[in-house]
Every structure is written in C-alpha cells, then in structure tokens.
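Reviewing the structure listed below.
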Amino acid sequence: MIDETKIMQYADGTLPIEERDEVQKAIDADPKLKELYNTFKETGDLLFNLSNEIKSQPLPKNLQEKAEILKTWKKPTKEEKESSFNFFGLFKIQYAGIAAAFCLFFVGGFYSNTFMASLEDDTSKTVRLSKEVSIDTNKLKMRSIQSDGEDLQTRIANLYRYFDKETFLNEINEKIDDIKINQEFETSISDNIGKQIKFIYVENLEIANKQCKKLEFSEPVKLSNIDEGTNISLDLCKVNKNYELTAINISK
Amino acid sequence: MKEKLDENFIKSLRVIAKGIAGTKMDPDELVNGSVEYILSNKDRYMDHPNIRAIAVLKMKGLFIDEIRKNKKMTSIKDDEGNDLQIVDEKQIDMSDKISLSNEANKVLSKIKTMGDKCQEILMLASEGMSMQEMQQITEVKSLGTVLSRLSNCRKELKGLMTS
C-alpha cells in the first residue's frame with residue numbers, strides 16, 4: 001500500500017524521481033488513490049494562488065518602512081562574491097531581483113535565444129546550464145520547493161534567463177499529440193556540446209477545466225553554481241488549439 | 001536557505017502570519033513585531049542562514065504572548081468561577097484588511113475554521129517552505145509527522161471547500 005504522503009509529494013512534484021514510477025502505477029490502478037492525488041493537486045493550487053494573492057497586496061506603510069531598512073542590510077555574501085564572476089556572464093544580484101518578481105504571476109517578459117545545458121562530466125546526471133539564451137515568461141506561475149543553503153531566487157532567475165519558451169512551445173505543439181505517457185523525447189534545444197535535452201511526458205492533468213500535460217526534464221538541471229541539480233517539470237495547457245506553458249515546477 | 005531581506009521577505013511573512021494569527025489578532029501586528037525584533041538584533045541575524053524561520057518563530061512567540069495578555073485582560077468569571085471569554089470583534093475585523101478574490105477569500109475563510117495546527121502548516125506550505133523548515137517552525141519531532149499533518153490538513157481543506 002502506498003503511503004498517502006507519497007501521493008502528496010508526487011502531486012507536489014517533490015517525490016524523488018526513483019519513487020515516482022511506483023506511485024504513478026499505484027495511482028493508475030486505484031481510483032481512490034487517483035482521487036487523493038487530485039485532492040492534493042487541487043489544494044496545492046489553491047494554497048499557491050492564495051499565497052500569491054496575499055503577496056500581491058501592497059504593504060502597509062509601517063511594514064514598507066521596515067522593508068526599506070532591511071534592504072540597507074544587504075551586503076555581498078560569500079556566495080555572491082565568488083559567483084558574481086560570471087556564472088552566465090551576468091551579475092547575479094541583478095537577476096536575483098528579477099527572480100523575486102517571479103514569485104508572483106508573470107506579466108512581463110524577458111527575451112533571449114537559446115536554451116543551453118551540458119552534462120557536468122561523463123558520470124554525472126546533472127545538466128548544467130551554460131550559455132546565455134532567451135525567454136519570454138508571459139503569464140507563467142512558479143511553484144517551488146526551497147532547500148537549505150541555496151539561493152532559490154538565483155536558481156529561478158537563471159532558469160528563466162536560459163529557457164527559450166517560444167522555440168520550445170513551437171516544437172512541442174507539433175509533436176505533443178503523438179507522444180505517449182512516460183515517453184522520452186527531444187526537441188532542438190541542446191546543450192553547449194550539442195547534446196539534445198530530453199523531456200518525459202509524465203501525465204495528463206486538468207487545470208481550470210483545461211486539458212493539460214506535465215513534462216519533466218529527463219535529468220536534474222544545475223541552475224546556479226552551488227546547485228547540485230534541480231528537478232524541473234512543466235505544465236502545458238491547451239488554450240484554443242495550442243498548448244501554452246502555464247507553470248514551471250522546480251524541486252530538489 | 002539564505003533569504004533576501006526586502007519587501008518580498010516581509011510579504012512572505014504576511015502570508016504565514018495569517019496561518020498563525022487566525023481570527024484572533026491582526027497578522028500584520030505579528031509581522032511588524034517580528035521584523036522589529038530582527039531589526040533590533042541586526043548583528044545576530046544579518047547573516048543568519050534561515051532568517052525566515054527565525055522571523056516565523058518570533059511571530060509565534062508574539063502571538064502566544066498576545067493571547068495570554070488578552071486572556072488576562074478580557075476574561076471574567078461566571079457564577080461558578082469559570083473564565084468567560086470576551087471576543088474582541090474589532091480584532092477579528094482587523095485580520096481582514098487585505099482584499100482578495102472571491103476564491104482566495106473562500107480558501108482563507110475555510111482555513112480559518114480549521115484547527116491551529118492546520119492553519120499554521122497550510123500557510124507554511126503555501127509559501128513553499130521545505131519539510132525541514134516546517135519541522136523547525138512547527139517544532140514537531142519528525143519529518144513524517146510534518147508530512148502526515150500536512151496531508152491530513154489538505155484533505156480536510158478539500159472537504160471544506162466542497163461542503
């Protein structure tokens with residue numbers, strides 16, 4: 001019998017990859033577990049939206065003043081001193097600021113050209129983003145799990161800077177209806193040594209009465225110089241005739 | 001997790017404060033008190049690796065202090081010597097200063113009807129806290145307890161939303 005907390009972690013995208021197959025099979029085989037899974041998906045979305053709405057409200061004056069004081073505390077941390085270097089040829093702090101805005105729904109966009117990543121070495125399964133690319137992040141929402149000792153905002157910022165959403169969506173829309181669940185597939189998105197990034201079509205979803213599909217990066221992605229590998233999945237929902245990217249989920 | 005100390009840090013505390021304060025007091029008062037505490041202990045917390053957890057624990061402490069204080073101030077005895085609680089309607093109104101969409105309002109109002117432990121863990125989860133952070137803040141012994149509490153509270157929330 002699968003522990004229901006595993007179902008919850010699976011719904012949240014935080015279950016370790018090696019346990020996912022077993023949980024998915026159990027959900028497929030048992031309508032009660034499927035219902036439980038839907039409960040966790042739905043409450044996850046409710047809580048996420050609630051949090052974002054509260055955070056979208058302006059701060060009262062007394063708290064705004066305190067935020068200004070806190071900002072003056074800012075000094076370069078050890079990580080930033082070492083990595084403002086040029087992890088992606090950028091100043092990290094600048095994009096950490098942008099990332100903070102991404103904790104809410106996206107209304108703006110950033111533009112670049114390619115998504116690049118590479119395997120760290122022959123034995124590692126970690127994909128390392130390595131070359132500047134572009135993104136357009138209209139109407140995306142971010143669901144994330146934080147971990148100790150890491151700057152989450154930096155990871156989010158780097159993900160968005162290096163993800164070419166338009167290219168990805170154009171290619172996906174051409175082939176997605178022919179791909180089966182659990183099938184691994186490639187797009188033209190490739191790493192800096194020419195190796196194509198693989199995705200896995202994980203499951204079908206229904207979000208806000210829309211037909212949606214969840215895709216996962218087949219390998220963890222290194223999103224900052226201290227990131228040992230982040231699991232990323234994408235929710236795509238059908239809007240009119242095409243699938244649009246509606247959420248990016250990241251977890252350790 | 002090294003937090004950026006800025007407006008978003010305070011907004012995150014505001015979300016969590018809703019889970020701590022419930023309907024009993026103004027969540028922003030907890031946030032204000034907690035941030036004041038951190039500001040007055042700059043040297044101690046400036047480089048703390050998990051300042052958000054410190055801030056949340058401080059909010060919990062402030063909440064308990066406030067409840068104790070109010071209990072002393074507002075309770076009177078009945079004929080048999082038992083405490084009679086006087087509900088401060090003004091404070092309940094203060095907790096709803098933020099204007100939310102109908103759906104978010106519904107979710108929040110349902111959460112407020114739940115037990116204190118559920119209110120707390122659901123708002124921590126809504127802020128994307130890791131299980132380890134939630135364990136630290138809720139002060140439960142094991143991660144398994146955190147997981148099962150969150151799981152049960154989410155099922156309860158689902159039931160309330162559909163009822």
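Just so we're on the same page: first chain in the structure tokens is A, next is B, and so on; residues restart at 1 for each chain, and ligands are numbered from 1 in the order they show up.
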* Using only C-alpha atoms, which chain B residues lie at most 8 Å away from chain A, written as JSON, numbers by chain? -> {"B": [1, 2, 3, 5, 6, 7, 8, 10, 11, 12, 14, 15, 31, 32, 35, 36, 39, 46, 49, 50, 98, 99, 100, 101, 104, 107, 108, 122, 123, 125, 126, 127, 128, 129, 130, 147, 148, 151, 154, 155, 157, 158]}
* To do: Just give me the gap between atom CA of Asn41 of chain B and atom CA of Lys4 of chain B in Å, one decimal is fine.
  =>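 Between atom CA of Asn41 of chain B and atom CA of Lys4 of chain B the gap is 16.7 Å.
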Set the distance at 12 Å and use only C-alpha atoms: which residues neighbour Gly115 of chain B once local chain neighbours fewer than 6 positions away are removed? I'd like the list as a PDB file with N, CA, C and O atoms, in the first residue's frame.
```pdb
ATOM      1  N   GLY B  19      -1.689  32.332   8.941  1.00  0.00           N
ATOM      2  CA  GLY B  19      -1.874  30.994   9.495  1.00  0.00           C
ATOM      3  C   GLY B  19      -1.654  30.947  10.994  1.00  0.00           C
ATOM      4  O   GLY B  19      -2.135  30.057  11.674  1.00  0.00           O
ATOM      5  N   ILE B  20      -0.890  31.894  11.502  1.00  0.00           N
ATOM      6  CA  ILE B  20      -0.618  31.904  12.942  1.00  0.00           C
ATOM      7  C   ILE B  20      -1.703  32.683  13.688  1.00  0.00           C
ATOM      8  O   ILE B  20      -2.213  32.244  14.709  1.00  0.00           O
ATOM      9  N   ALA B  21      -2.061  33.828  13.140  1.00  0.00           N
ATOM     10  CA  ALA B  21      -2.993  34.716  13.844  1.00  0.00           C
ATOM     11  C   ALA B  21      -4.432  34.222  13.791  1.00  0.00           C
ATOM     12  O   ALA B  21      -5.209  34.480  14.715  1.00  0.00           O
ATOM     13  N   GLY B  22      -4.779  33.496  12.729  1.00  0.00           N
ATOM     14  CA  GLY B  22      -6.164  33.061  12.586  1.00  0.00           C
ATOM     15  C   GLY B  22      -7.095  34.266  12.645  1.00  0.00           C
ATOM     16  O   GLY B  22      -6.854  35.281  11.999  1.00  0.00           O
ATOM     17  N   THR B  23      -8.135  34.148  13.457  1.00  0.00           N
ATOM     18  CA  THR B  23      -9.063  35.284  13.616  1.00  0.00           C
ATOM     19  C   THR B  23      -8.822  36.002  14.937  1.00  0.00           C
ATOM     20  O   THR B  23      -9.591  36.866  15.332  1.00  0.00           O
ATOM     21  N   ILE B 121       0.295  25.036   9.320  1.00  0.00           N
ATOM     22  CA  ILE B 121       1.070  24.259   8.335  1.00  0.00           C
ATOM     23  C   ILE B 121       0.608  24.542   6.907  1.00  0.00           C
ATOM     24  O   ILE B 121       1.405  24.520   5.968  1.00  0.00           O
ATOM     25  N   LEU B 122      -0.671  24.835   6.742  1.00  0.00           N
ATOM     26  CA  LEU B 122      -1.146  25.138   5.381  1.00  0.00           C
ATOM     27  C   LEU B 122      -0.549  26.442   4.878  1.00  0.00           C
ATOM     28  O   LEU B 122      -0.163  26.550   3.704  1.00  0.00           O
ATOM     29  N   ARG B 149       0.759  15.469   8.865  1.00  0.00           N
ATOM     30  CA  ARG B 149      -0.102  16.589   9.278  1.00  0.00           C
ATOM     31  C   ARG B 149      -0.531  17.403   8.055  1.00  0.00           C
ATOM     32  O   ARG B 149      -1.700  17.758   7.901  1.00  0.00           O
ATOM     33  N   ASN B 152      -3.092  15.425   6.010  1.00  0.00           N
ATOM     34  CA  ASN B 152      -4.431  15.416   6.624  1.00  0.00           C
ATOM     35  C   ASN B 152      -5.114  16.781   6.522  1.00  0.00           C
ATOM     36  O   ASN B 152      -6.321  16.864   6.273  1.00  0.00           O
ATOM     37  N   CYS B 153      -4.341  17.836   6.716  1.00  0.00           N
ATOM     38  CA  CYS B 153      -4.937  19.177   6.662  1.00  0.00           C
ATOM     39  C   CYS B 153      -5.392  19.512   5.246  1.00  0.00           C
ATOM     40  O   CYS B 153      -6.409  20.182   5.052  1.00  0.00           O
ATOM     41  N   GLU B 156      -8.596  17.783   4.682  1.00  0.00           N
ATOM     42  CA  GLU B 156      -9.659  18.497   5.397  1.00  0.00           C
ATOM     43  C   GLU B 156     -10.063  19.764   4.639  1.00  0.00           C
ATOM     44  O   GLU B 156     -11.261  20.071   4.512  1.00  0.00           O
ATOM     45  N   LEU B 157      -9.076  20.458   4.123  1.00  0.00           N
ATOM     46  CA  LEU B 157      -9.368  21.681   3.361  1.00  0.00           C
ATOM     47  C   LEU B 157     -10.209  21.357   2.127  1.00  0.00           C
ATOM     48  O   LEU B 157     -11.179  22.057   1.814  1.00  0.00           O
TER      49      LEU B 157
END
```
* In Å, how far is it from atom CA of Phe63 of chain B to atom CA of Asp43 of chain B? -> 24.6 Å
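Between Tyr37 of chain A and the residues A:Val239, A:Ala247, A:Ile172, A:Val23, the shortest atom-to-atom distance, using only C-alpha atoms, involves A:Val23.
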* To do: Rank nothing, just name the residue among A:Lys165, A:Lys32, A:Arg20, A:Lys180 nearest to Lys213 of chain A, using only C-alpha atoms.
  =>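 Answer, going by the shortest atom-to-atom distance: A:Lys180.
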Set the distance at 7 Å and use only C-alpha atoms: which residues neighbour Cys237 of chain A once local chain neighbours fewer than 2 positions away are removed? I'd like the list as a short mmCIF file (atom, residue, chain, number, x, y, z; two decimals) with N, CA, C and O atoms, in the first residue's frame.
```cif
data_model
loop_
_atom_site.label_atom_id
_atom_site.label_comp_id
_atom_site.auth_asym_id
_atom_site.auth_seq_id
_atom_site.Cartn_x
_atom_site.Cartn_y
_atom_site.Cartn_z
N LYS A 210 -9.15 23.00 -18.16
CA LYS A 210 -8.36 22.93 -19.40
C LYS A 210 -7.59 21.61 -19.43
O LYS A 210 -7.17 21.09 -18.40
N GLN A 211 -7.43 21.11 -20.65
CA GLN A 211 -6.67 19.89 -20.85
C GLN A 211 -5.18 20.23 -20.76
O GLN A 211 -4.69 21.07 -21.52
N CYS A 212 -4.48 19.57 -19.86
CA CYS A 212 -3.07 19.91 -19.63
C CYS A 212 -2.20 18.66 -19.61
O CYS A 212 -2.69 17.55 -19.41
N LYS A 213 -0.92 18.88 -19.83
CA LYS A 213 0.05 17.79 -19.80
C LYS A 213 1.25 18.23 -18.97
O LYS A 213 1.65 19.40 -19.02
N ASP A 235 4.09 22.43 -16.80
CA ASP A 235 2.66 22.17 -17.06
C ASP A 235 2.28 22.92 -18.33
O ASP A 235 2.45 24.14 -18.41
N VAL A 239 -4.81 25.93 -24.88
CA VAL A 239 -5.56 27.17 -24.98
C VAL A 239 -5.87 27.37 -26.46
O VAL A 239 -4.95 27.50 -27.27
N TYR A 243 -0.94 24.27 -27.09
CA TYR A 243 -0.56 24.16 -25.69
C TYR A 243 0.30 25.37 -25.31
O TYR A 243 1.21 25.76 -26.05
N GLU A 244 -0.03 25.93 -24.14
CA GLU A 244 0.75 27.04 -23.61
C GLU A 244 1.39 26.61 -22.29
O GLU A 244 0.83 25.79 -21.56
N LEU A 245 2.54 27.20 -22.00
CA LEU A 245 3.21 26.90 -20.74
C LEU A 245 2.51 27.65 -19.61
O LEU A 245 2.46 28.88 -19.62
N THR A 246 1.95 26.91 -18.65
CA THR A 246 1.19 27.58 -17.58
C THR A 246 1.91 27.54 -16.24
O THR A 246 1.61 28.34 -15.36
#
```
* Could you name the residues that touch Ile137 of chain B at 8 Å or less, counting only C-alpha atoms, but leaving out those on the same chain fewer than 2 positions away, as a ChimeraX atom specification? -> /B:53,56-57,133-135,139
* All strand (DSSP E) positions in chain B, as an MDAnalysis selection string -> chainID B and resid 76:77 83:84
